[in-house]
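J.: As input, take model.cif (mmCIF, C-alpha atoms):
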data_target
loop_
_atom_site.label_atom_id
_atom_site.label_comp_id
_atom_site.auth_asym_id
_atom_site.auth_seq_id
_atom_site.Cartn_x
_atom_site.Cartn_y
_atom_site.Cartn_z
CA MET D 1 19.90 16.50 -4.40
CA SER D 2 19.50 18.65 -1.33
CA ALA D 3 16.87 20.27 0.79
CA THR D 4 16.29 23.78 2.02
CA THR D 5 15.92 24.52 5.69
CA GLU D 6 12.48 24.64 7.19
CA SER D 7 11.46 23.54 10.62
CA ARG D 8 7.88 23.33 11.77
CA ARG D 9 5.98 22.29 14.84
CA LEU D 10 2.46 20.91 14.77
CA ALA D 11 -0.02 23.39 13.28
CA PRO D 12 -3.77 23.48 14.04
CA VAL D 13 -6.25 21.42 12.03
CA ALA D 14 -7.54 23.48 9.12
CA ASP D 15 -11.21 24.46 8.85
CA LEU D 16 -11.93 23.53 5.23
CA SER D 17 -14.81 24.50 2.97
CA PRO D 18 -16.59 21.78 0.94
CA ILE D 19 -14.83 22.93 -2.25
CA GLU D 20 -11.44 22.90 -0.53
CA LYS D 21 -12.08 19.32 0.60
CA VAL D 22 -13.09 18.20 -2.88
CA LEU D 23 -9.97 19.78 -4.36
CA ILE D 24 -7.60 18.39 -1.74
CA ASN D 25 -8.97 14.91 -2.36
CA ARG D 26 -8.86 15.21 -6.14
CA LEU D 27 -5.54 17.01 -6.57
CA GLN D 28 -3.52 14.53 -4.51
CA HIS D 29 -4.16 12.07 -7.35
CA GLY D 30 -2.37 14.23 -9.88
CA LEU D 31 -3.23 16.63 -12.70
CA PRO D 32 -4.03 15.32 -16.14
CA LEU D 33 -1.04 16.20 -18.31
CA VAL D 34 -2.89 18.31 -20.87
CA ARG D 35 -2.41 21.94 -22.01
CA HIS D 36 -5.05 23.32 -19.60
CA PRO D 37 -4.97 20.88 -16.68
CA PHE D 38 -6.90 23.03 -14.21
CA ALA D 39 -9.69 23.54 -16.76
CA ALA D 40 -9.82 19.77 -17.23
CA VAL D 41 -10.18 19.25 -13.47
CA ALA D 42 -12.79 22.03 -13.37
CA ASP D 43 -14.87 20.19 -15.98
CA GLU D 44 -14.55 16.97 -14.06
CA LEU D 45 -15.69 18.54 -10.76
CA ASN D 46 -18.17 21.04 -12.18
CA LEU D 47 -16.15 23.99 -10.89
CA LYS D 48 -14.56 27.02 -12.54
CA GLU D 49 -10.90 26.94 -13.54
CA GLN D 50 -10.14 30.23 -11.79
CA GLN D 51 -11.83 28.98 -8.63
CA ILE D 52 -9.44 26.01 -8.59
CA LEU D 53 -6.35 28.16 -9.15
CA ASP D 54 -7.45 30.60 -6.43
CA THR D 55 -8.23 27.81 -3.97
CA VAL D 56 -4.89 26.07 -4.52
CA LYS D 57 -3.03 29.37 -3.97
CA LYS D 58 -5.01 29.99 -0.77
CA LEU D 59 -4.33 26.49 0.57
CA LEU D 60 -0.62 26.92 -0.17
CA SER D 61 -0.45 30.30 1.53
CA GLU D 62 -2.19 28.87 4.61
CA GLY D 63 0.15 25.89 4.70
CA VAL D 64 -2.63 23.32 4.28
CA LEU D 65 -0.77 22.27 1.14
CA THR D 66 3.01 22.21 1.51
CA ARG D 67 3.57 22.01 -2.23
CA PHE D 68 1.83 21.76 -5.58
CA GLY D 69 3.93 20.34 -8.36
CA PRO D 70 5.76 17.34 -9.73
CA MET D 71 6.53 14.59 -7.23
CA PHE D 72 9.88 13.18 -8.18
CA HIS D 73 10.97 9.60 -7.74
CA ALA D 74 14.47 10.14 -6.43
CA GLY D 75 15.73 6.67 -7.34
CA GLU D 76 14.80 7.26 -10.97
CA MET D 77 16.66 10.57 -11.04
CA GLY D 78 19.97 8.86 -10.42
CA GLY D 79 20.27 9.96 -6.80
CA ALA D 80 20.32 7.94 -3.61
CA LEU D 81 17.97 7.94 -0.64
CA THR D 82 18.04 6.43 2.80
CA LEU D 83 16.22 6.50 6.13
CA ALA D 84 18.42 7.00 9.16
CA ALA D 85 17.79 7.09 12.89
CA MET D 86 19.57 8.44 15.97
CA ARG D 87 19.18 8.12 19.72
CA ILE D 88 19.54 11.58 21.25
CA PRO D 89 19.28 12.38 24.98
CA GLU D 90 16.62 15.00 25.72
CA ALA D 91 19.14 17.58 26.94
CA ASP D 92 20.92 17.45 23.61
CA PHE D 93 17.90 17.15 21.35
CA GLU D 94 17.64 20.76 20.26
CA ARG D 95 21.33 21.14 19.49
CA VAL D 96 21.42 17.93 17.47
CA THR D 97 18.21 18.86 15.60
CA GLU D 98 19.82 22.09 14.46
CA GLN D 99 23.00 20.30 13.46
CA VAL D 100 21.23 17.54 11.55
CA ASN D 101 18.82 19.96 9.83
CA SER D 102 21.72 22.12 8.70
CA PHE D 103 22.76 19.37 6.27
CA ASP D 104 21.24 20.08 2.84
CA GLU D 105 21.02 16.33 2.29
CA VAL D 106 18.43 15.98 5.08
CA ALA D 107 15.05 16.20 3.32
CA HIS D 108 12.69 15.27 6.16
CA ASN D 109 13.32 14.91 9.85
CA TYR D 110 10.78 13.63 12.36
CA ARG D 111 10.89 13.31 16.08
CA ARG D 112 9.41 9.95 17.12
CA GLU D 113 8.42 8.55 20.50
CA HIS D 114 10.98 5.80 20.89
CA ASP D 115 14.48 5.26 22.21
CA LEU D 116 15.54 6.01 18.62
CA ASN D 117 13.91 9.42 18.67
CA MET D 118 15.18 11.18 15.55
CA TRP D 119 14.37 9.80 12.07
CA PHE D 120 15.42 11.52 8.89
CA VAL D 121 15.57 10.94 5.15
CA LEU D 122 18.86 11.63 3.38
CA ALA D 123 18.87 12.40 -0.33
CA THR D 124 22.16 12.65 -2.19
CA GLU D 125 23.30 12.79 -5.79
CA THR D 126 25.32 9.58 -5.51
CA GLN D 127 25.27 6.38 -3.48
CA SER D 128 28.71 7.05 -2.00
CA ALA D 129 27.56 10.43 -0.69
CA ILE D 130 25.11 8.64 1.64
CA ALA D 131 27.95 7.04 3.60
CA SER D 132 30.04 10.22 3.70
CA THR D 133 27.06 12.30 4.83
CA ILE D 134 26.31 9.82 7.61
CA ARG D 135 29.93 10.00 8.77
CA ALA D 136 29.77 13.80 8.69
CA ILE D 137 26.58 13.81 10.78
CA GLU D 138 28.18 11.43 13.30
CA ASP D 139 31.30 13.62 13.50
CA THR D 140 29.30 16.83 13.88
CA THR D 141 26.82 15.57 16.47
CA GLY D 142 28.93 13.02 18.33
CA TYR D 143 26.18 10.38 18.13
CA PRO D 144 25.93 7.22 16.00
CA VAL D 145 23.59 7.13 13.00
CA TYR D 146 21.72 3.93 12.18
CA ASN D 147 21.41 3.64 8.41
CA MET D 148 18.24 1.86 7.24
CA PRO D 149 18.12 2.03 3.43
CA LYS D 150 15.19 0.36 1.77
CA GLU D 151 16.04 -3.16 0.61
CA GLN D 152 12.70 -3.71 -1.07
CA GLU D 153 9.76 -1.40 -1.81
CA PHE D 154 6.37 -3.02 -1.43
CA HIS D 155 4.12 -0.01 -1.87
CA VAL D 156 4.18 3.78 -1.90
CA HIS D 157 1.11 5.87 -2.30
CA LEU D 158 -0.04 8.42 0.16
CA HIS D 159 -3.53 9.89 -0.03
CA PHE D 160 -5.37 11.70 2.75
CA THR D 161 -9.14 11.91 2.38
CA VAL D 162 -10.87 14.90 3.96
CA MET M 163 -7.16 7.99 4.02
CA SER M 164 -7.09 5.65 1.08
CA THR M 165 -4.39 4.36 -1.17
CA SER M 166 -4.20 3.21 -4.73
CA THR M 167 -1.70 1.69 -7.10
CA SER M 168 1.29 3.92 -7.51
CA LEU M 169 2.93 4.87 -10.76
CA SER M 170 6.19 3.79 -9.18
CA ASP M 171 5.00 0.21 -9.37
CA ALA M 172 5.06 0.41 -13.15
CA ALA M 173 8.23 -0.78 -14.81
CA THR M 174 10.58 2.04 -15.73
CA PRO M 175 11.66 1.90 -19.35
CA LYS M 176 15.36 1.20 -19.15
CA ASP M 177 16.04 3.35 -22.21
CA PHE M 178 14.73 6.53 -20.60
CA ALA M 179 17.54 8.98 -19.98
CA MET M 180 16.94 12.38 -18.45
CA THR M 181 18.00 15.16 -20.79
CA GLU M 182 19.49 18.52 -19.82
CA ARG M 183 16.08 19.99 -20.71
CA ASP M 184 14.39 17.63 -18.25
CA ARG M 185 16.79 18.74 -15.56
CA GLU M 186 15.99 22.38 -16.28
CA LEU M 187 12.27 21.63 -16.08
CA ILE M 188 12.73 19.88 -12.73
CA LEU M 189 14.76 22.77 -11.35
CA ALA M 190 12.09 25.21 -12.54
CA THR M 191 9.23 23.29 -10.90
CA GLN M 192 10.63 21.60 -7.80
CA ALA M 193 9.38 24.43 -5.61
CA GLY M 194 6.02 24.25 -7.42
CA LEU M 195 4.21 24.32 -10.75
CA PRO M 196 3.14 27.79 -12.04
CA LEU M 197 -0.48 28.15 -10.94
CA VAL M 198 -1.87 29.48 -14.22
CA SER M 199 -4.21 28.10 -16.85
CA ASP M 200 -1.41 26.80 -19.08
CA PRO M 201 1.56 26.07 -16.80
CA TRP M 202 3.54 24.50 -19.67
CA ALA M 203 3.42 27.72 -21.69
CA GLU M 204 4.53 29.66 -18.63
CA LEU M 205 7.48 27.30 -18.09
CA GLY M 206 8.26 27.45 -21.80
CA LYS M 207 8.42 31.23 -21.63
CA GLN M 208 10.88 31.01 -18.70
CA LEU M 209 13.11 28.43 -20.38
CA GLY M 210 12.76 29.30 -24.05
CA MET M 211 10.90 26.11 -24.95
CA ASP M 212 7.73 25.45 -26.86
CA ALA M 213 4.75 24.77 -24.56
CA ASN M 214 3.96 21.50 -26.31
CA GLU M 215 7.56 20.37 -25.90
CA VAL M 216 7.40 21.17 -22.16
CA LEU M 217 4.20 19.16 -21.83
CA ALA M 218 5.68 16.28 -23.84
CA ARG M 219 8.73 16.13 -21.54
CA PHE M 220 6.49 16.00 -18.45
CA GLN M 221 4.44 13.22 -20.05
CA ALA M 222 7.63 11.31 -20.86
CA MET M 223 9.03 11.76 -17.34
CA GLN M 224 5.77 10.60 -15.77
CA GLN M 225 5.59 7.64 -18.13
CA ALA M 226 9.15 6.69 -17.17
CA GLY M 227 8.45 7.06 -13.45
CA VAL M 228 10.90 9.93 -12.89
CA ILE M 229 7.82 11.90 -11.85
CA ARG M 230 5.22 9.95 -9.89
CA ARG M 231 2.56 12.58 -10.62
CA VAL M 232 2.00 16.35 -10.63
CA ALA M 233 -0.07 16.82 -7.53
CA ALA M 234 -1.01 18.58 -4.31
CA VAL M 235 1.02 17.63 -1.23
CA PRO M 236 -0.95 18.34 1.96
CA ASP M 237 0.39 18.86 5.44
CA HIS M 238 -1.39 15.86 6.94
CA TYR M 239 -1.45 17.41 10.41
CA ARG M 240 -3.47 20.33 9.07
CA LEU M 241 -5.98 17.84 7.61
CA GLY M 242 -6.52 16.23 11.01
CA TYR M 243 -4.27 13.20 10.48
CA ARG M 244 -2.36 13.96 13.63
CA TYR M 245 -1.21 10.44 14.34
CA ASN M 246 1.52 9.24 12.05
CA GLY M 247 2.54 5.77 13.09
CA MET M 248 5.60 4.06 11.70
CA THR M 249 4.77 0.43 12.46
CA VAL M 250 7.85 -1.79 12.48
CA TRP M 251 7.86 -5.60 12.43
CA ASP M 252 10.37 -8.38 12.99
CA VAL M 253 9.45 -10.78 10.19
CA ALA M 254 11.13 -14.08 9.30
CA ASP M 255 13.63 -13.38 6.50
CA ASP M 256 12.43 -16.25 4.34
CA ARG M 257 8.85 -14.97 4.47
CA ILE M 258 9.33 -11.23 4.17
CA ALA M 259 9.01 -10.90 0.38
CA GLU M 260 5.60 -12.55 0.41
CA LEU M 261 4.37 -10.93 3.62
CA GLY M 262 5.69 -7.48 2.71
CA ALA M 263 3.71 -7.61 -0.52
CA ALA M 264 0.58 -8.61 1.44
CA ILE M 265 1.04 -5.73 3.90
CA GLY M 266 1.72 -3.27 1.07
CA GLU M 267 -1.65 -4.22 -0.43
CA LEU M 268 -3.59 -3.23 2.70
CA PRO M 269 -5.48 -0.09 1.66
CA PHE M 270 -4.45 1.96 4.70
CA VAL M 271 -0.69 1.34 4.39
CA SER M 272 0.84 4.34 2.62
CA HIS M 273 4.46 3.17 2.44
CA CYS M 274 5.87 -0.29 3.02
CA TYR M 275 9.54 -1.22 2.86
CA ARG M 276 11.99 -3.93 3.87
CA ARG M 277 14.95 -2.38 5.73
CA PRO M 278 18.04 -3.86 7.44
CA ARG M 279 18.11 -4.90 11.09
CA HIS M 280 20.80 -3.51 13.42
CA LEU M 281 21.16 -6.43 15.82
CA PRO M 282 21.07 -6.68 18.73
CA TYR M 283 19.71 -3.18 19.07
CA TRP M 284 17.12 -2.98 16.30
CA SER M 285 15.47 -6.18 15.17
CA PHE M 286 12.68 -4.83 12.93
CA ASN M 287 12.98 -5.41 9.19
CA LEU M 288 9.53 -4.48 7.82
CA PHE M 289 8.28 -0.89 7.98
CA ALA M 290 4.65 0.03 7.23
CA MET M 291 3.44 3.61 7.62
CA VAL M 292 -0.12 4.23 8.77
CA HIS M 293 -1.95 7.44 9.63
CA GLY M 294 -4.98 8.22 11.73
CA THR M 295 -6.99 11.02 13.25
CA THR M 296 -6.68 9.26 16.63
CA ARG M 297 -4.13 6.97 18.24
CA GLU M 298 -6.80 4.24 18.43
CA GLU M 299 -7.24 4.38 14.68
CA VAL M 300 -3.51 3.77 14.20
CA GLU M 301 -3.56 0.93 16.73
CA ASP M 302 -6.53 -0.68 15.01
CA LYS M 303 -4.67 -0.57 11.70
CA ALA M 304 -1.56 -2.08 13.34
CA ALA M 305 -3.72 -4.91 14.72
CA ARG M 306 -4.90 -5.67 11.20
CA ILE M 307 -1.28 -5.84 10.01
CA ARG M 308 -0.49 -8.15 12.95
CA ALA M 309 -3.31 -10.46 11.89
CA VAL M 310 -1.86 -10.79 8.38
CA LEU M 311 1.67 -11.49 9.64
CA GLY M 312 0.56 -14.11 12.17
CA ALA M 313 3.23 -16.43 13.54
CA ASP M 314 5.86 -15.13 11.11
CA CYS M 315 6.19 -11.95 13.15
CA GLN M 316 8.19 -12.20 16.41
CA GLN M 317 7.63 -8.68 17.73
CA HIS M 318 6.55 -5.24 16.64
CA THR M 319 6.14 -1.69 17.85
CA ILE M 320 4.67 1.63 16.68
CA LEU M 321 6.77 4.79 16.53
CA TYR M 322 4.52 7.86 16.61
CA SER M 323 5.85 11.17 15.33
CA SER M 324 5.64 13.99 17.84
CA ALA M 325 7.14 16.80 15.74
CA ILE M 326 8.16 17.55 12.19
CA LEU M 327 11.70 18.83 12.63
CA LYS M 328 12.23 19.49 8.92
CA LYS M 329 10.21 18.86 5.77
CA THR M 330 11.41 20.17 2.45
CA GLY M 331 10.94 17.30 0.05
CA LEU M 332 13.56 16.16 -2.36
CA ARG M 333 15.37 18.82 -4.31
CA LEU M 334 17.85 18.76 -7.12
CA ARG M 335 20.82 20.95 -6.38
CA LYS M 336 21.06 23.91 -8.74
#
Go ahead and express the file in the form of structure tokens.
T.:
Amino acid sequence: MSATTESRRLAPVADLSPIEKVLINRLQHGLPLVRHPFAAVADELNLKEQQILDTVKKLLSEGVLTRFGPMFHAGEMGGALTLAAMRIPEADFERVTEQVNSFDEVAHNYRREHDLNMWFVLATETQSAIASTIRAIEDTTGYPVYNMPKEQEFHVHLHFTV
Amino acid sequence: MSTSTSLSDAATPKDFAMTERDRELILATQAGLPLVSDPWAELGKQLGMDANEVLARFQAMQQAGVIRRVAAVPDHYRLGYRYNGMTVWDVADDRIAELGAAIGELPFVSHCYRRPRHLPYWSFNLFAMVHGTTREEVEDKAARIRAVLGADCQQHTILYSSAILKKTGLRLRK
């Protein structure tokens, strides 16, 4: 597993139409797995299929949606995942961000307001690749990486209501 | 924001094994599903598979938990959820299984995990993610978590995100 490079700063809050809001709320829950899934959602919401397809494309092009598609459960795909954190002095933050982001294994990277100020998710094909990637990031950046793999999952389900 | 029971909570059938076809379907859709009336037929055309077979593989992968769901992923900042608080808690080891489950059930907690401490530097072993349109909303949610943990929590803090440095989601390597 890997990730492609994309770095973004905070974007403005979107001005959404009522139909866009309805679709964002509904489509985060997942499409019915039937031959014409958008038509099925259209029936459910009393909208037109084409209107849904057009709206989803518009929201993707504007960046309100970052993706529309299957959400994979990495653990079930045979890969390995971990959360890792680093403590980077301000003067070095930009350099280290570029270095960390250049690793394909880094899927998400967030700056957080704390002494540990860089938090990223590593996704690799094998468990052993987690440790080797962490060593490589430490060697490249010159800073220690705190590995915080999940030991138990209590709940995962993200839904934003608009 | 609201939460509901995740497909990932369902038991994964141990006999499910991803086929080469499944891998091809994942590679073909990890950047996104074709936005057409019959996306399975479109994928089938690309990969030389019957549309019903494509759909059946997606149903099987979702049933097995390899796919949580086929869904829209919003940029939560663009929706006004500007405050993303990773709340972290130092919970007694012998109580964490029970308390973690209780925190995971709170409707506003989107992710909840037990993770290792790095003593003496990092003493927090329970992570619960909460989101809000204001900082106060996040703090109010953290106070409700605090109330559930009670005396079994020694200390906690909230780490707010101030920038997304990278966000690509998980990808299979081609």
J.: Could you give me, as JSON lines, a per-residue list for chain M showing, wherever an atom lies at most 6 Å from an atom of chain D, the closest pair of atoms and their distance in Å to one decimal, using all atoms listed in the file and sorting by chain then residue number from low to high?
T.:
{"residue": "M:Met163", "atom": "CA", "partner": "D:Phe160", "partner_atom": "CA", "distance": 4.3}
{"residue": "M:Ser164", "atom": "CA", "partner": "D:His159", "partner_atom": "CA", "distance": 5.6}
{"residue": "M:Thr165", "atom": "CA", "partner": "D:His159", "partner_atom": "CA", "distance": 5.7}
{"residue": "M:Ser168", "atom": "CA", "partner": "D:His157", "partner_atom": "CA", "distance": 5.6}
{"residue": "M:Gly194", "atom": "CA", "partner": "D:Gly69", "partner_atom": "CA", "distance": 4.5}
{"residue": "M:Leu195", "atom": "CA", "partner": "D:Gly69", "partner_atom": "CA", "distance": 4.7}
{"residue": "M:Ser199", "atom": "CA", "partner": "D:His36", "partner_atom": "CA", "distance": 5.6}
{"residue": "M:Asp200", "atom": "CA", "partner": "D:His36", "partner_atom": "CA", "distance": 5.1}
{"residue": "M:Val228", "atom": "CA", "partner": "D:Glu76", "partner_atom": "CA", "distance": 5.1}
{"residue": "M:Ile229", "atom": "CA", "partner": "D:Phe72", "partner_atom": "CA", "distance": 4.4}
{"residue": "M:Arg230", "atom": "CA", "partner": "D:Met71", "partner_atom": "CA", "distance": 5.5}
{"residue": "M:Arg231", "atom": "CA", "partner": "D:Gly30", "partner_atom": "CA", "distance": 5.3}
{"residue": "M:Val232", "atom": "CA", "partner": "D:Pro70", "partner_atom": "CA", "distance": 4.0}
{"residue": "M:Ala233", "atom": "CA", "partner": "D:Gly30", "partner_atom": "CA", "distance": 4.2}
{"residue": "M:Ala234", "atom": "CA", "partner": "D:Phe68", "partner_atom": "CA", "distance": 4.4}
{"residue": "M:Val235", "atom": "CA", "partner": "D:Arg67", "partner_atom": "CA", "distance": 5.2}
{"residue": "M:Pro236", "atom": "CA", "partner": "D:Leu65", "partner_atom": "CA", "distance": 4.0}
{"residue": "M:Asp237", "atom": "CA", "partner": "D:Val64", "partner_atom": "CA", "distance": 5.5}
{"residue": "M:Arg240", "atom": "CA", "partner": "D:Val13", "partner_atom": "CA", "distance": 4.2}
{"residue": "M:Leu241", "atom": "CA", "partner": "D:Val13", "partner_atom": "CA", "distance": 5.7}
{"residue": "M:Gly242", "atom": "CA", "partner": "D:Val13", "partner_atom": "CA", "distance": 5.3}
{"residue": "M:Ala263", "atom": "CA", "partner": "D:Phe154", "partner_atom": "CA", "distance": 5.4}
{"residue": "M:Gly266", "atom": "CA", "partner": "D:His155", "partner_atom": "CA", "distance": 5.0}
{"residue": "M:Ser272", "atom": "CA", "partner": "D:Leu158", "partner_atom": "CA", "distance": 4.8}
{"residue": "M:His273", "atom": "CA", "partner": "D:Val156", "partner_atom": "CA", "distance": 4.4}
{"residue": "M:Cys274", "atom": "CA", "partner": "D:His155", "partner_atom": "CA", "distance": 5.2}
{"residue": "M:Tyr275", "atom": "CA", "partner": "D:Glu153", "partner_atom": "CA", "distance": 4.7}
{"residue": "M:Arg276", "atom": "CA", "partner": "D:Gln152", "partner_atom": "CA", "distance": 5.0}
{"residue": "M:Arg277", "atom": "CA", "partner": "D:Lys150", "partner_atom": "CA", "distance": 4.8}
{"residue": "M:Pro278", "atom": "CA", "partner": "D:Met148", "partner_atom": "CA", "distance": 5.7}
{"residue": "M:Leu321", "atom": "CA", "partner": "D:Glu113", "partner_atom": "CA", "distance": 5.7}
{"residue": "M:Tyr322", "atom": "CA", "partner": "D:Arg112", "partner_atom": "CA", "distance": 5.3}
{"residue": "M:Ser323", "atom": "CA", "partner": "D:Arg112", "partner_atom": "CA", "distance": 4.2}
{"residue": "M:Ser324", "atom": "CA", "partner": "D:Arg112", "partner_atom": "CA", "distance": 5.6}
{"residue": "M:Ala325", "atom": "CA", "partner": "D:Arg111", "partner_atom": "CA", "distance": 5.1}
{"residue": "M:Ile326", "atom": "CA", "partner": "D:Tyr110", "partner_atom": "CA", "distance": 4.7}
{"residue": "M:Leu327", "atom": "CA", "partner": "D:Asn109", "partner_atom": "CA", "distance": 5.1}
{"residue": "M:Lys328", "atom": "CA", "partner": "D:Ser7", "partner_atom": "CA", "distance": 4.5}
{"residue": "M:Lys329", "atom": "CA", "partner": "D:His108", "partner_atom": "CA", "distance": 4.4}
{"residue": "M:Thr330", "atom": "CA", "partner": "D:Ala107", "partner_atom": "CA", "distance": 5.5}
{"residue": "M:Gly331", "atom": "CA", "partner": "D:Ala107", "partner_atom": "CA", "distance": 5.4}
{"residue": "M:Leu332", "atom": "CA", "partner": "D:Ala107", "partner_atom": "CA", "distance": 5.9}
{"residue": "M:Arg333", "atom": "CA", "partner": "D:Met1", "partner_atom": "CA", "distance": 5.1}
{"residue": "M:Leu334", "atom": "CA", "partner": "D:Met1", "partner_atom": "CA", "distance": 4.1}
{"residue": "M:Arg335", "atom": "CA", "partner": "D:Met1", "partner_atom": "CA", "distance": 5.0}
J.: For this structure, which residues satisfy the selection - the PyMOL selection byres ((chain M and resi 292) around 9) - when it is evaluated on the file as given? I want them as a list in words.
T.: Tyr245, Asn246, Gly247, Met248, Thr249, Phe270, Val271, Ser272, His273, Ala290, Met291, His293, Gly294, Val300, Lys303 and Ala304 of chain M
J.: Just to be explicit: take each residue in the selection above, keep C-alpha atoms, and write the result as a tab-separated table (two decimals), keeping the file's coordinate frame.
T.:
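What landed in again24.tsv:
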chain	number	residue	atom	x	y	z
M	245	TYR	CA	-1.21	10.44	14.34
M	246	ASN	CA	1.52	9.24	12.05
M	247	GLY	CA	2.54	5.77	13.09
M	248	MET	CA	5.60	4.06	11.70
M	249	THR	CA	4.77	0.43	12.46
M	270	PHE	CA	-4.45	1.96	4.70
M	271	VAL	CA	-0.69	1.34	4.39
M	272	SER	CA	0.84	4.34	2.62
M	273	HIS	CA	4.46	3.17	2.44
M	290	ALA	CA	4.65	0.03	7.23
M	291	MET	CA	3.44	3.61	7.62
M	293	HIS	CA	-1.95	7.44	9.63
M	294	GLY	CA	-4.98	8.22	11.73
M	300	VAL	CA	-3.51	3.77	14.20
M	303	LYS	CA	-4.67	-0.57	11.70
M	304	ALA	CA	-1.56	-2.08	13.34
J.: Please indicate the distance in Å from atom CA of Asp252 of chain M to atom CA of Thr319 of chain M, rounded to one decimal place.
T.: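 If I compute the distance from atom CA of Asp252 of chain M to atom CA of Thr319 of chain M, I get 9.3 Å.
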J.: Could you state the separation of atom CA of Glu20 of chain D and atom CA of Pro196 of chain M in Å, given to one decimal place?
T.: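 Distance between the two atoms: 19.2 Å.
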J.: Output the residue selection produced by the PyMOL selection byres ((chain M and resi 209-222) around 9) on the file above, formatted as a ChimeraX atom specification.
T.: /D:33-35,70 /M:178,183-184,186-187,190,200-208,223-229
J.: Kindly compute an axis-aligned box around the listed atoms of segment 129-141 of chain D, allowing 3 Å on each side, and express its centre and edge lengths in Å to one decimal as AutoDock Vina command-line options.
T.:
--center_x 28.2 --center_y 11.9 --center_z 7.9 --size_x 12.2 --size_y 15.8 --size_z 23.2
J.: What separation in Å, quoted to one decimal, exists between atom CA of Cys315 of chain M and atom CA of Pro269 of chain M?
T.: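 So the two atoms, atom CA of Cys315 of chain M and atom CA of Pro269 of chain M, lie 20.2 Å apart.
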J.: Which protein, DNA or RNA residues are at most 6 Å from (15.9, -8.7, 8.9) in the file's coordinates when you count only C-alpha atoms, listed as a ChimeraX atom specification?
T.: /M:255,278-279,287
J.: For Asp256 of chain M, which residue out of M:His238, M:His280, M:Asp314, M:Arg306 is the nearest one, using only C-alpha atoms?
T.: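 Among the listed residues, M:Asp314 lies closest to Asp256 of chain M.
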J.: With N, CA and C atoms as the goal, would you fill in the gaps in segment 272-285 of chain M and present it as an mmCIF file, keeping the file's coordinate frame?
T.:
data_model
loop_
_atom_site.group_PDB
_atom_site.id
_atom_site.type_symbol
_atom_site.label_atom_id
_atom_site.label_comp_id
_atom_site.auth_asym_id
_atom_site.auth_seq_id
_atom_site.Cartn_x
_atom_site.Cartn_y
_atom_site.Cartn_z
ATOM 1 N N SER M 272 0.437 3.372 3.645
ATOM 2 C CA SER M 272 0.840 4.340 2.620
ATOM 3 C C SER M 272 2.230 4.053 2.078
ATOM 4 N N HIS M 273 3.121 3.533 2.884
ATOM 5 C CA HIS M 273 4.460 3.170 2.440
ATOM 6 C C HIS M 273 4.798 1.849 3.107
ATOM 7 N N CYS M 274 5.464 0.968 2.404
ATOM 8 C CA CYS M 274 5.870 -0.290 3.020
ATOM 9 C C CYS M 274 7.216 -0.717 2.429
ATOM 10 N N TYR M 275 8.195 -0.905 3.303
ATOM 11 C CA TYR M 275 9.540 -1.220 2.860
ATOM 12 C C TYR M 275 10.163 -2.321 3.711
ATOM 13 N N ARG M 276 11.064 -3.098 3.100
ATOM 14 C CA ARG M 276 11.990 -3.930 3.870
ATOM 15 C C ARG M 276 13.238 -3.095 4.116
ATOM 16 N N ARG M 277 13.732 -3.111 5.365
ATOM 17 C CA ARG M 277 14.950 -2.380 5.730
ATOM 18 C C ARG M 277 15.832 -3.290 6.594
ATOM 19 N N PRO M 278 17.140 -2.971 6.690
ATOM 20 C CA PRO M 278 18.040 -3.860 7.440
ATOM 21 C C PRO M 278 17.834 -3.777 8.957
ATOM 22 N N ARG M 279 18.070 -4.895 9.621
ATOM 23 C CA ARG M 279 18.110 -4.900 11.090
ATOM 24 C C ARG M 279 19.463 -4.338 11.551
ATOM 25 N N HIS M 280 19.520 -3.865 12.791
ATOM 26 C CA HIS M 280 20.800 -3.510 13.420
ATOM 27 C C HIS M 280 20.862 -4.282 14.734
ATOM 28 N N LEU M 281 21.167 -5.575 14.627
ATOM 29 C CA LEU M 281 21.160 -6.430 15.820
ATOM 30 C C LEU M 281 22.368 -6.124 16.703
ATOM 31 N N PRO M 282 22.270 -6.231 18.013
ATOM 32 C CA PRO M 282 21.070 -6.680 18.730
ATOM 33 C C PRO M 282 20.114 -5.534 19.043
ATOM 34 N N TYR M 283 20.460 -4.336 18.594
ATOM 35 C CA TYR M 283 19.710 -3.180 19.070
ATOM 36 C C TYR M 283 18.366 -2.988 18.384
ATOM 37 N N TRP M 284 18.329 -3.251 17.088
ATOM 38 C CA TRP M 284 17.120 -2.980 16.300
ATOM 39 C C TRP M 284 16.809 -4.207 15.466
ATOM 40 N N SER M 285 15.729 -4.887 15.787
ATOM 41 C CA SER M 285 15.470 -6.180 15.170
ATOM 42 C C SER M 285 14.342 -6.137 14.130
#
